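**Student:** As input, take protein.cif (mmCIF, C-alpha atoms):
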```cif
data_my_file
#
loop_
_atom_site.group_PDB
_atom_site.id
_atom_site.type_symbol
_atom_site.label_atom_id
_atom_site.label_comp_id
_atom_site.auth_asym_id
_atom_site.auth_seq_id
_atom_site.Cartn_x
_atom_site.Cartn_y
_atom_site.Cartn_z
ATOM 1 C CA MET A 3 67.237 54.082 277.263
ATOM 2 C CA SER A 4 69.166 56.446 275.001
ATOM 3 C CA ASP A 5 69.479 60.160 275.684
ATOM 4 C CA GLU A 6 69.858 61.900 272.333
ATOM 5 C CA SER A 7 69.282 65.372 273.775
ATOM 6 C CA VAL A 8 71.757 68.135 273.041
ATOM 7 C CA TYR A 9 73.096 69.899 276.100
ATOM 8 C CA ARG A 10 75.245 72.953 276.718
ATOM 9 C CA VAL A 11 77.792 73.710 279.402
ATOM 10 C CA VAL A 12 76.680 76.621 281.566
ATOM 11 C CA LEU A 13 78.227 78.521 284.438
ATOM 12 C CA ASN A 14 77.071 81.074 286.960
ATOM 13 C CA ASP A 15 78.727 84.177 288.384
ATOM 14 C CA GLU A 16 80.401 82.030 291.050
ATOM 15 C CA GLU A 17 82.090 80.025 288.247
ATOM 16 C CA GLN A 18 80.160 76.887 289.109
ATOM 17 C CA TYR A 19 79.417 74.660 286.113
ATOM 18 C CA SER A 20 76.436 72.575 285.091
ATOM 19 C CA ILE A 21 74.717 71.285 281.965
ATOM 20 C CA TRP A 22 71.444 72.509 280.499
ATOM 21 C CA TRP A 23 69.305 71.472 277.544
ATOM 22 C CA ALA A 24 70.459 73.380 274.443
ATOM 23 C CA ASP A 25 66.895 73.932 273.238
ATOM 24 C CA ARG A 26 65.734 75.623 276.451
ATOM 25 C CA ALA A 27 66.237 79.143 277.731
ATOM 26 C CA LEU A 28 68.955 79.393 280.331
ATOM 27 C CA PRO A 29 67.850 79.781 283.939
ATOM 28 C CA ALA A 30 68.405 83.165 285.564
ATOM 29 C CA GLY A 31 71.999 83.701 286.631
ATOM 30 C CA TRP A 32 73.517 81.134 284.249
ATOM 31 C CA HIS A 33 75.545 81.796 281.074
ATOM 32 C CA ALA A 34 76.540 79.528 278.187
ATOM 33 C CA GLU A 35 80.220 78.539 278.278
ATOM 34 C CA GLY A 36 80.224 77.690 274.554
ATOM 35 C CA THR A 37 80.277 73.898 274.535
ATOM 36 C CA GLU A 38 77.289 71.939 273.215
ATOM 37 C CA GLY A 39 76.947 68.213 272.661
ATOM 38 C CA SER A 40 75.843 65.027 274.338
ATOM 39 C CA ARG A 41 75.462 64.803 278.087
ATOM 40 C CA VAL A 42 78.711 62.843 278.320
ATOM 41 C CA GLU A 43 80.617 65.356 276.153
ATOM 42 C CA CYS A 44 79.409 68.259 278.258
ATOM 43 C CA LEU A 45 80.251 66.528 281.534
ATOM 44 C CA GLU A 46 83.727 65.711 280.212
ATOM 45 C CA ARG A 47 84.209 69.376 279.290
ATOM 46 C CA ILE A 48 83.186 70.417 282.806
ATOM 47 C CA ASN A 49 85.716 67.927 284.201
ATOM 48 C CA THR A 50 88.506 69.700 282.318
ATOM 49 C CA LEU A 51 87.322 73.225 283.174
ATOM 50 C CA TRP A 52 86.183 72.991 286.787
ATOM 51 C CA THR A 53 89.351 72.149 288.649
ATOM 52 C CA ASP A 54 88.602 74.168 291.784
ATOM 53 C CA MET A 55 85.152 73.441 293.206
ATOM 54 C CA ARG A 56 85.169 76.434 295.560
ATOM 55 C CA PRO A 57 82.839 79.270 294.543
ATOM 56 C CA LEU A 58 84.596 82.341 293.144
ATOM 57 C CA SER A 59 83.621 84.486 296.134
ATOM 58 C CA LEU A 60 85.258 82.015 298.523
ATOM 59 C CA ARG A 61 88.436 81.827 296.419
ATOM 60 C CA ARG A 62 88.636 85.634 296.459
ATOM 61 C CA ARG A 63 88.142 85.833 300.240
ATOM 62 C CA MET A 64 90.785 83.195 300.815
ATOM 63 C CA ALA A 65 93.222 85.017 298.499
ATOM 64 C CA GLU A 66 92.589 88.288 300.344
ATOM 65 C CA ALA A 67 93.100 86.603 303.712
ATOM 66 C CA GLY A 68 96.332 85.048 302.476
ATOM 67 C CA ALA A 69 97.592 88.381 301.129
ATOM 68 C CA GLY A 70 97.074 89.988 304.540
ATOM 69 C CA SER A 71 99.327 87.473 306.287
#
```
Could I get this file's structure written as structure tokens?
**Tutor:**
Amino acid sequence: MSDESVYRVVLNDEEQYSIWWADRALPAGWHAEGTEGSRVECLERINTLWTDMRPLSLRRRMAEAGAGS
């Protein structure tokens, strides 16, 4: 089974990444990152971009807690 769909890399306000079909409207709260291509290409792009899996809000809280030490 071959998947010839075109996907796009998307991210939300917490800087969490996913893929979405390029021919469909984005779900609420998600924004296009700019990359479109095959599923594999998009997942590879996410692998290079998403190096810290923690949500942005958690990273900020941890940074604030560390600054107060």
**Student:** Rank A:Arg41, A:Gly36, A:Ala30, A:Trp22 by their smallest atom-to-atom distance to Glu6 of chain A, using only C-alpha atoms, and report the top residue only.
**Tutor:**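 Looking only at the distances to Glu6 of chain A, the closest residue turns out to be A:Arg41.
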**Student:** Could you list, as a list in words, every residue matched by the PyMOL selection byres ((chain A and resi 43-47) around 10) in this structure?
**Tutor:**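 Output from the PyMOL selection byres ((chain A and resi 43-47) around 10), applied to this file: Val8, Tyr9, Arg10, Val11, Val12, Tyr19, Ser20, Ile21, Trp22, Thr37, Glu38, Gly39, Ser40, Arg41, Val42, Ile48, Asn49, Thr50, Leu51 and Trp52 of chain A.
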**Student:** For the residues in that selection, give me C-alpha atoms as an mmCIF file, in the frame of the given file.
**Tutor:**
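Result went into out.cif, see below:
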```
data_model
loop_
_atom_site.group_PDB
_atom_site.id
_atom_site.type_symbol
_atom_site.label_atom_id
_atom_site.label_comp_id
_atom_site.auth_asym_id
_atom_site.auth_seq_id
_atom_site.Cartn_x
_atom_site.Cartn_y
_atom_site.Cartn_z
ATOM 1 C CA VAL A 8 71.757 68.135 273.041
ATOM 2 C CA TYR A 9 73.096 69.899 276.100
ATOM 3 C CA ARG A 10 75.245 72.953 276.718
ATOM 4 C CA VAL A 11 77.792 73.710 279.402
ATOM 5 C CA VAL A 12 76.680 76.621 281.566
ATOM 6 C CA TYR A 19 79.417 74.660 286.113
ATOM 7 C CA SER A 20 76.436 72.575 285.091
ATOM 8 C CA ILE A 21 74.717 71.285 281.965
ATOM 9 C CA TRP A 22 71.444 72.509 280.499
ATOM 10 C CA THR A 37 80.277 73.898 274.535
ATOM 11 C CA GLU A 38 77.289 71.939 273.215
ATOM 12 C CA GLY A 39 76.947 68.213 272.661
ATOM 13 C CA SER A 40 75.843 65.027 274.338
ATOM 14 C CA ARG A 41 75.462 64.803 278.087
ATOM 15 C CA VAL A 42 78.711 62.843 278.320
ATOM 16 C CA ILE A 48 83.186 70.417 282.806
ATOM 17 C CA ASN A 49 85.716 67.927 284.201
ATOM 18 C CA THR A 50 88.506 69.700 282.318
ATOM 19 C CA LEU A 51 87.322 73.225 283.174
ATOM 20 C CA TRP A 52 86.183 72.991 286.787
#
```
**Student:** Please write as a list in words the full residue list that the PyMOL selection byres ((chain A and resi 33) around 8) yields on this file.
**Tutor:** Val12, Leu13, Asn14, Leu28, Gly31, Trp32, Ala34 and Glu35 of chain A
**Student:** If I take atom CA of Met55 of chain A and atom CA of Arg26 of chain A, how far is one from the other in Å, to one decimal?
**Tutor:** 25.7 Å
**Student:** Have a look at atom CA of Arg62 of chain A and atom CA of Gln18 of chain A and let me know their distance in Å, one decimal.
**Tutor:**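 Those two atoms sit 14.2 Å apart.
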**Student:** Give me, please, the distance in Å between atom CA of Asp5 of chain A and atom CA of Trp23 of chain A, quoted to one decimal.
**Tutor:**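 Distance between the two atoms: 11.5 Å.
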**Student:** Kindly compute an axis-aligned box around the listed atoms of segment 22-38 of chain A, allowing 4 Å on each side, and express its centre and edge lengths in Å to one decimal as JSON.
**Tutor:**
```
{"center_x": 73.0, "center_y": 77.6, "center_z": 279.9, "size_x": 22.5, "size_y": 20.2, "size_z": 21.4}
```
**Student:** Could you pull the residues within 9 Å of Pro57 of chain A, counting all atoms listed in the file, minus those fewer than 6 positions along the same chain, as a list in words?
**Tutor:**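 So the residues in contact are Asp15, Glu16, Glu17 and Gln18 of chain A.
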